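Structure first, commentary second.
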Amino acid sequence: MSVFHKHDPQVEETIEVGTAEDVEKLMRKYDRESNTRIWEGKPALIIRGVMVVFSLYCIYSTLFSVAALEKRLTAFLALVVVMGYLTYPASKHHVRHNYIPWFDFVIMIVGAACFMYYCLSYDSLVKVLTSASKMTWFQVTVGVVGLLCIMELCRRCVGIPILCVAGVLLIYTFSTGIGMKRVLYTLFFTTSGIMGTPVQVCAKYIVVFIIFGAFLERTGIAAFFIDLANSLVGRFSGGPAKVAVISSALCGMVSGSSVGNTVTTGSVTIPMMKKTGYKGEFAGAVEAAASTGGQIMPPIMGAAAFLMAEYMNVTYAEVALRAILPAVLYFTGIFIAVHLEAKKLGLKGIDKAELPVLGKLMTKLYLLLPLIVLVALVTTNTRTMQFSATIAILCAIVVSLFDRDNRITVGKILEALEAGGKGTITVAVACAMAGIIAGCITATGLASKLIGAVIAASNSVPLVDPMMVALFLTMVCCIILGMGVPTTANYCIMASTCAPILITIGVPKIAAHFFVFYFGIVADITPPVALAAYAGSAIAKSNPMKTGINATKLAIGAFVVPYIFCLNPAMLLIDVTPLGVVQIIITSLIGIFGVAAAMNGYLYRKLNWAARMAICVAGLMMMDPGFVTDIVGIALMAVIVLIQYLGAKKANQPPVSA
């Protein structure tokens with residue numbers, strides 16, 4: 001356990017923060033992705049070699065391979081199965097040094113063999129296996145075993161919720177009278193099931209971006225972002241919390257993992273926040289909420305921007321443009337909340353002498369070059385997304401040569417390739433489950449039934465807009481399906497299952513995809529399975545559930561903004577004039593201030609419940625793009641702010657002498 005001593009002329013307080021071991025212990029308890037085998041010595045070198053080979057294969061396959069799609073995808077899944085069973089044990093009791101039970105070897109070999117059978121036999125299978133009726137019982141067995149192996153791996157590394165959804169849909173599919181052969185043919189031997197769009201996107205784009213993120217981390221860019229944030233806002237009231245918001249937004253943008261970013265930047269920012277005077281539950285929540293928000297921060301958005309462009313059939317530049325205002329509102333809400341909390345607690349900033357010098361940091365701006373190159377290549381359509389990511393990887397290696405402390409050596413290259421391979425496992429498995437889910441929905445025609453059920457449920461609630469009910473039901477579904485699922489895979493699942501429902505009931509395509517993406521992301525900070533919040537609580541030595549609740553309150557913008565841009569797409573800058581854009585930006589920023597103040601319960605002084613409700617309503621009205629709502633919201637907020645200001649001023653006045 002790390003200990004910080006906070007010195008005061010009258011009191012000495014010991015600040016306790018969790019160590020890396022504390023974080024690992026808690027994450028092994030709550031996060032299946034963190035519950036991995038422990039390899040040392042020669043076995044570790046072998047596993048490392050497998051990961052490195054996998055990453056190199058993925059780069060080669062996505063750039064140069066001209067083999068049939070089914071061949072590439074089945075080889076990809078076979079390697080994922082091998083890596084997955086070498087990494088993730090069946091239970092916590094199997095987490096020992098250099099230990100893997102014999103039955104895991106059997107499952108791994110048999111599972112990989114099922115996918116390799118399809119890969120190696122594809123040329124002959126494509127000629128004879130033209131329909132489900134022509135499947136032999138050997139091929140049925142291959143399909144059953146292959147699906148069961150990937151589902152068991154999902155249980156180990158992703159978790160139960162998405163597996164339950166896939167299992168229920170499989171049972172439903174069989175209950176409709178569809179035969180075993182047809183189900184297996186669809187799910188295993190066609191690109192409408194396990195090799196569907198999610199896995200295709202994963203193998204084509206996500207893997208390369210995960211590898212790029214691993215290389216970028218080794219350039220020292222995370223430390224650069226933290227130092228930059230410190231130099232900009234560290235000296236202000238509650239500075240460390242504001243540093244956490246800015247640095248986590250920048251780091252989370254490229255990391256692709258809310259939990260990973262919470263651990264990386266939180267190990268620096270959370271102790272700073274506690275030392276300043278923030279409570280552990282609040283410090284951990286700030287880091288978790290900001291790290292989670294990094295996934296919605298353009299231009300990279302944890303690689304989701306590129307995936308959204310693919311799913312919606314629009315340009316990457318358009319996705320990044322639409323994401324700007326919602327992301328700004330999200331982080332503005334958190335920033336205002338930590339500022340108000342600092343004012344309420346009377347917290348100061350960091351001594352200027354302890355802060356990095358901005359001028360010196362400017363000499364390291366070259367660290368941003370890989371990101372600039374990536375965005376420029378993709379935006380101008382100079383190269384494909386995967387080729388652009390590969391060039392950005394090479395650029396990251398080159399720029400690291402200018403930094404003696406973070407120079408990427410051959411050892412670090414292998415380390416990054418290993419990290420990229422390991423990081424792909426959970427994403428690929430979750431994408432495979434998304435393919436099974438989508439395949440079942442397609443085979444049974446369940447999509448139209450789900451849409452009908454949502455519409456019926458929406459119309460059954462009196463005095464409530466049916467669209468609001470439909471959005472609420474979709475939100476709940478997204479949060480449940482997003483529990484413990486990596487960001488990019490999370491979006492693939494939501495885009496395949498939930499977005500089509502919203503589009504059918506009248507939500508614009510772009511708004512629908514942003515809606516499901518946002519609510520899939522906030523699953524990382526929404527109790528009871530708030531993995532990013534749990535990671536923050538481990539460092540802050542705070543209660544995990546209380547940390548999750550605080551993170552949810554801080555991230556209120558992520559719960560409000562999606563409803564607004566679905567009901568009024570102007571917030572996504574759709575069908576709006578330049579003057580309208582200016583109006584929306586100004587009123588939305590003022591509106592999020594009101595909502596943040598209401599959630600925090602403090603403005604110039606403590607807000608009572610009536611004032612909190614009033615300023616929250618005013619804020620929501622101003623966030624809804626519309627002239628009438630803006631005018632009413634401004635008037636109501638002005639009254640509340642004036643009352644609070646005059647009340648605080650009166651309370652601070654010295655007594656009048658007789």
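Ordered as shown in the structure tokens, chains take letters A, B, and onward, while each chain numbers its residues from 1 and ligands are numbered from 1 in the order shown.
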For this session: Write out as a ChimeraX atom specification each polymer residue whose atoms come within 8 Å of A:Ile150, counting only C-alpha atoms; drop sequence neighbours fewer than 5 positions from it.
Result: /A:81,111,429,432
If you take only C-alpha atoms and a cut-off of 6 Å, which residues of stretch 170-196 of chain A touch stretch 436-458 of chain A, and what are their nearest atom pairs and distances in Å to one decimal, in chain and number order, as JSON lines?
{"residue": "A:Ser192", "atom": "CA", "partner": "A:Gly439", "partner_atom": "CA", "distance": 5.5}
{"residue": "A:Gly193", "atom": "CA", "partner": "A:Gly439", "partner_atom": "CA", "distance": 4.5}
{"residue": "A:Ile194", "atom": "CA", "partner": "A:Ile436", "partner_atom": "CA", "distance": 5.2}
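For A:Leu374, the set of protein, DNA and RNA residues having any atom at most 9 Å away, when counting only C-alpha atoms and skipping those fewer than 4 positions along the same chain, is A:Leu369, A:Pro370, A:Val378, A:Thr379, A:Met385, A:Ser388, A:Ala389, A:Thr390, A:Ile391, A:Ala392.
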For this session: Skip A:Gly294 itself and residues of its chain fewer than 2 positions away, then list as a ChimeraX atom specification all residues within 12 Å of it, counting only C-alpha atoms.
Result: /A:244-262,265,287-292,296-304,323,327-328,330-331,487,518,521-522,532,555,558
For this session: Write out as an MDAnalysis selection string which residues come within 12 Å of A:Val199 when counting only C-alpha atoms, dropping same-chain ones fewer than 5 positions away.
Result: chainID A and resid 69:70 72:77 80 191:194 204:207 307 424:436 438 488:489 492:493 496
Could the residues in this selection be written to a file with C-alpha atoms, as a CSV table (one decimal), in the first residue's frame?
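Below is the file that was written, selection_1.csv:
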chain,number,residue,atom,x,y,z
A,69,LEU,CA,-12.7,-14.3,-46.5
A,70,GLU,CA,-13.8,-17.5,-44.8
A,72,ARG,CA,-8.9,-15.8,-43.2
A,73,LEU,CA,-11.6,-15.6,-40.6
A,74,THR,CA,-11.5,-19.2,-39.6
A,75,ALA,CA,-7.7,-19.1,-39.3
A,76,PHE,CA,-8.1,-15.9,-37.2
A,77,LEU,CA,-10.6,-17.6,-34.9
A,80,VAL,CA,-7.9,-16.7,-31.0
A,191,THR,CA,-20.7,-15.3,-42.9
A,192,SER,CA,-24.1,-14.7,-41.3
A,193,GLY,CA,-23.1,-16.2,-38.0
A,194,ILE,CA,-19.9,-16.5,-36.0
A,204,LYS,CA,-9.9,-6.3,-40.6
A,205,TYR,CA,-9.7,-3.2,-38.4
A,206,ILE,CA,-9.8,-3.6,-34.6
A,207,VAL,CA,-6.7,-5.8,-34.3
A,307,LEU,CA,-16.0,1.0,-36.9
A,424,THR,CA,-7.5,-8.9,-29.2
A,425,ILE,CA,-8.7,-12.1,-27.4
A,426,THR,CA,-11.7,-10.6,-25.5
A,427,VAL,CA,-12.6,-8.3,-28.4
A,428,ALA,CA,-12.6,-11.2,-30.9
A,429,VAL,CA,-14.6,-13.5,-28.6
A,430,ALA,CA,-17.2,-10.9,-27.9
A,431,CYS,CA,-17.5,-10.1,-31.6
A,432,ALA,CA,-18.0,-13.9,-32.3
A,433,MET,CA,-20.8,-13.8,-29.7
A,434,ALA,CA,-22.3,-10.8,-31.4
A,435,GLY,CA,-22.2,-12.8,-34.7
A,436,ILE,CA,-24.1,-15.7,-33.1
A,438,ALA,CA,-27.1,-11.5,-35.1
A,488,THR,CA,-15.0,-1.9,-29.6
A,489,ALA,CA,-16.6,-5.3,-29.3
A,492,CYS,CA,-20.2,-4.2,-32.6
A,493,ILE,CA,-22.8,-6.0,-30.5
A,496,SER,CA,-25.9,-5.5,-34.7
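Atom CA of A:Pro527 is found 23.3 Å from atom CA of A:Pro271.
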For this session: Pick out each residue of stretch 235-308 of chain A that DSSP on the backbone tags as alpha helix (DSSP H); I need them as an NGL selection string.
Result: :A and (239-255 or 258-276 or 280-293 or 304-308)
Write out the residues from the selection above, keeping C-alpha atoms, as a PDB file, in the first residue's frame.
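Wrote part11.pdb, looks like this:
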ATOM      1  CA  GLY A 239      -6.329  20.907  -9.863  1.00  0.00           C
ATOM      2  CA  PRO A 240      -5.528  17.156  -9.667  1.00  0.00           C
ATOM      3  CA  ALA A 241      -9.147  16.215 -10.437  1.00  0.00           C
ATOM      4  CA  LYS A 242      -9.140  18.527 -13.453  1.00  0.00           C
ATOM      5  CA  VAL A 243      -5.846  16.977 -14.512  1.00  0.00           C
ATOM      6  CA  ALA A 244      -7.529  13.562 -14.316  1.00  0.00           C
ATOM      7  CA  VAL A 245     -10.380  14.715 -16.544  1.00  0.00           C
ATOM      8  CA  ILE A 246      -8.128  16.145 -19.272  1.00  0.00           C
ATOM      9  CA  SER A 247      -5.403  13.488 -19.221  1.00  0.00           C
ATOM     10  CA  SER A 248      -7.883  10.604 -19.119  1.00  0.00           C
ATOM     11  CA  ALA A 249      -9.838  12.080 -22.017  1.00  0.00           C
ATOM     12  CA  LEU A 250      -6.651  12.253 -24.097  1.00  0.00           C
ATOM     13  CA  CYS A 251      -5.270   8.850 -23.060  1.00  0.00           C
ATOM     14  CA  GLY A 252      -8.636   7.087 -23.254  1.00  0.00           C
ATOM     15  CA  MET A 253      -9.110   8.376 -26.779  1.00  0.00           C
ATOM     16  CA  VAL A 254      -6.364   6.038 -28.021  1.00  0.00           C
ATOM     17  CA  SER A 255      -6.266   3.261 -25.411  1.00  0.00           C
ATOM     18  CA  SER A 258     -11.897   2.196 -20.055  1.00  0.00           C
ATOM     19  CA  VAL A 259     -10.491  -0.148 -17.415  1.00  0.00           C
ATOM     20  CA  GLY A 260      -6.950  -0.109 -18.779  1.00  0.00           C
ATOM     21  CA  ASN A 261      -6.921   3.676 -18.966  1.00  0.00           C
ATOM     22  CA  THR A 262      -8.309   3.991 -15.421  1.00  0.00           C
ATOM     23  CA  VAL A 263      -5.434   1.886 -14.105  1.00  0.00           C
ATOM     24  CA  THR A 264      -2.777   3.640 -16.212  1.00  0.00           C
ATOM     25  CA  THR A 265      -3.604   7.295 -15.550  1.00  0.00           C
ATOM     26  CA  GLY A 266      -5.393   6.632 -12.246  1.00  0.00           C
ATOM     27  CA  SER A 267      -2.201   5.366 -10.621  1.00  0.00           C
ATOM     28  CA  VAL A 268      -0.933   8.950 -10.963  1.00  0.00           C
ATOM     29  CA  THR A 269      -4.054  11.115 -10.695  1.00  0.00           C
ATOM     30  CA  ILE A 270      -6.010   9.358  -7.914  1.00  0.00           C
ATOM     31  CA  PRO A 271      -3.245   9.709  -5.265  1.00  0.00           C
ATOM     32  CA  MET A 272      -2.900  13.364  -6.290  1.00  0.00           C
ATOM     33  CA  MET A 273      -6.643  13.904  -5.844  1.00  0.00           C
ATOM     34  CA  LYS A 274      -6.720  12.249  -2.422  1.00  0.00           C
ATOM     35  CA  LYS A 275      -3.687  14.231  -1.325  1.00  0.00           C
ATOM     36  CA  THR A 276      -5.462  17.444  -2.337  1.00  0.00           C
ATOM     37  CA  GLY A 280     -11.567   8.229  -2.210  1.00  0.00           C
ATOM     38  CA  GLU A 281     -15.010   7.460  -3.658  1.00  0.00           C
ATOM     39  CA  PHE A 282     -14.988  10.752  -5.545  1.00  0.00           C
ATOM     40  CA  ALA A 283     -11.368  10.493  -6.722  1.00  0.00           C
ATOM     41  CA  GLY A 284     -11.849   6.983  -8.096  1.00  0.00           C
ATOM     42  CA  ALA A 285     -15.118   8.022  -9.728  1.00  0.00           C
ATOM     43  CA  VAL A 286     -13.560  11.024 -11.494  1.00  0.00           C
ATOM     44  CA  GLU A 287     -10.863   8.859 -13.023  1.00  0.00           C
ATOM     45  CA  ALA A 288     -13.315   6.114 -14.036  1.00  0.00           C
ATOM     46  CA  ALA A 289     -15.823   8.523 -15.591  1.00  0.00           C
ATOM     47  CA  ALA A 290     -13.135  10.428 -17.491  1.00  0.00           C
ATOM     48  CA  SER A 291     -11.387   7.259 -18.701  1.00  0.00           C
ATOM     49  CA  THR A 292     -14.699   5.850 -19.902  1.00  0.00           C
ATOM     50  CA  GLY A 293     -15.452   9.105 -21.696  1.00  0.00           C
ATOM     51  CA  ALA A 304     -14.828   3.088 -32.595  1.00  0.00           C
ATOM     52  CA  ALA A 305     -14.957   6.043 -34.999  1.00  0.00           C
ATOM     53  CA  PHE A 306     -13.542   3.863 -37.758  1.00  0.00           C
ATOM     54  CA  LEU A 307     -15.955   1.047 -36.945  1.00  0.00           C
ATOM     55  CA  MET A 308     -18.939   3.392 -36.907  1.00  0.00           C
TER      56      MET A 308
END
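In this model, the gap between atom CA of A:Val95 and atom CA of A:Asn35 comes to 7.7 Å.
Between A:Thr384 and the residues A:Leu86, A:Leu63, A:Val398, A:Ala551, the shortest atom-to-atom distance, using only C-alpha atoms, involves A:Leu63.
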Exercise. A:Ile590: which residues within 9 Å, counting only C-alpha atoms, same-chain residues fewer than 6 positions away excluded, as a ChimeraX atom specification?
Worked result: /A:619,622-623,634
For this session: Show which residues sit within 10 Å of A:Ser588, as JSON, numbers by chain. Count only C-alpha atoms, and ignore same-chain residues fewer than 3 positions away.
Result: {"A": [325, 326, 328, 329, 561, 571, 582, 583, 584, 585, 591, 592, 593, 594, 619, 620, 621, 622, 623, 624, 625, 630]}
Mind dumping a table of every stretch 320-439 of chain A residue within 9 Å of stretch 597-604 of chain A, with the nearest atom pair and its distance in Å to one decimal, using only C-alpha atoms, sorted by chain and rising number, as CSV?
residue,atom,partner,partner_atom,distance
A:Gly333,CA,A:Ala597,CA,8.9
A:Ile336,CA,A:Ala597,CA,7.7
A:Ala337,CA,A:Asn600,CA,6.2
A:Val338,CA,A:Asn600,CA,8.7
A:Leu340,CA,A:Tyr602,CA,6.5
A:Glu341,CA,A:Asn600,CA,7.1
A:Lys343,CA,A:Tyr604,CA,8.4
A:Lys344,CA,A:Tyr602,CA,6.8
Please dump the current selection as a CSV table (one decimal), in the first residue's frame; keep all heavy atoms.
chain,number,residue,atom,x,y,z
A,333,GLY,N,-19.3,18.5,-18.3
A,333,GLY,CA,-20.1,18.1,-17.2
A,333,GLY,C,-19.2,17.6,-16.0
A,333,GLY,O,-19.4,18.0,-14.9
A,336,ILE,N,-17.0,20.5,-14.6
A,336,ILE,CA,-17.7,21.5,-13.8
A,336,ILE,C,-18.0,20.8,-12.4
A,336,ILE,O,-17.9,21.4,-11.4
A,336,ILE,CB,-19.1,21.9,-14.5
A,336,ILE,CG1,-18.8,22.8,-15.7
A,336,ILE,CG2,-20.0,22.6,-13.5
A,336,ILE,CD1,-20.0,23.0,-16.5
A,337,ALA,N,-18.3,19.5,-12.4
A,337,ALA,CA,-18.6,18.8,-11.2
A,337,ALA,C,-17.4,18.8,-10.3
A,337,ALA,O,-17.6,19.0,-9.1
A,337,ALA,CB,-19.1,17.4,-11.5
A,338,VAL,N,-16.2,18.5,-10.8
A,338,VAL,CA,-15.1,18.5,-9.9
A,338,VAL,C,-14.7,19.9,-9.5
A,338,VAL,O,-14.2,20.1,-8.3
A,338,VAL,CB,-13.9,17.8,-10.7
A,338,VAL,CG1,-14.2,16.4,-11.0
A,338,VAL,CG2,-13.4,18.6,-11.9
A,340,LEU,N,-16.9,22.3,-8.8
A,340,LEU,CA,-17.9,22.7,-7.8
A,340,LEU,C,-17.6,21.9,-6.5
A,340,LEU,O,-17.7,22.4,-5.4
A,340,LEU,CB,-19.3,22.4,-8.2
A,340,LEU,CG,-19.8,23.2,-9.4
A,340,LEU,CD1,-21.2,22.8,-9.8
A,340,LEU,CD2,-19.9,24.7,-9.0
A,341,GLU,N,-17.1,20.6,-6.6
A,341,GLU,CA,-16.8,19.8,-5.5
A,341,GLU,C,-15.5,20.5,-4.8
A,341,GLU,O,-15.5,20.5,-3.5
A,341,GLU,CB,-16.4,18.4,-5.9
A,341,GLU,CG,-16.1,17.4,-4.8
A,341,GLU,CD,-17.3,17.0,-4.0
A,341,GLU,OE1,-18.5,17.3,-4.4
A,341,GLU,OE2,-17.2,16.4,-2.9
A,343,LYS,N,-14.7,23.7,-4.8
A,343,LYS,CA,-15.2,24.9,-4.2
A,343,LYS,C,-15.9,24.5,-2.9
A,343,LYS,O,-15.8,25.2,-1.9
A,343,LYS,CB,-16.1,25.7,-5.1
A,343,LYS,CG,-15.3,26.3,-6.3
A,343,LYS,CD,-14.3,27.4,-5.8
A,343,LYS,CE,-13.6,28.1,-6.9
A,343,LYS,NZ,-12.6,29.1,-6.4
A,344,LYS,N,-16.7,23.5,-2.9
A,344,LYS,CA,-17.5,23.1,-1.8
A,344,LYS,C,-16.6,22.7,-0.6
A,344,LYS,O,-16.8,23.0,0.6
A,344,LYS,CB,-18.5,22.0,-2.1
A,344,LYS,CG,-19.3,21.5,-1.0
A,344,LYS,CD,-20.5,20.6,-1.5
A,344,LYS,CE,-20.0,19.4,-2.1
A,344,LYS,NZ,-21.1,18.5,-2.5
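In terms of minimum interatomic distance to A:Pro89, A:Cys157 ranks closest within A:Cys157, A:Ile171, A:Cys616, A:Leu125, counting only C-alpha atoms.
Across the structure, atom CA of A:Val485 and atom CA of A:Ala533 are spaced 14.4 Å apart.
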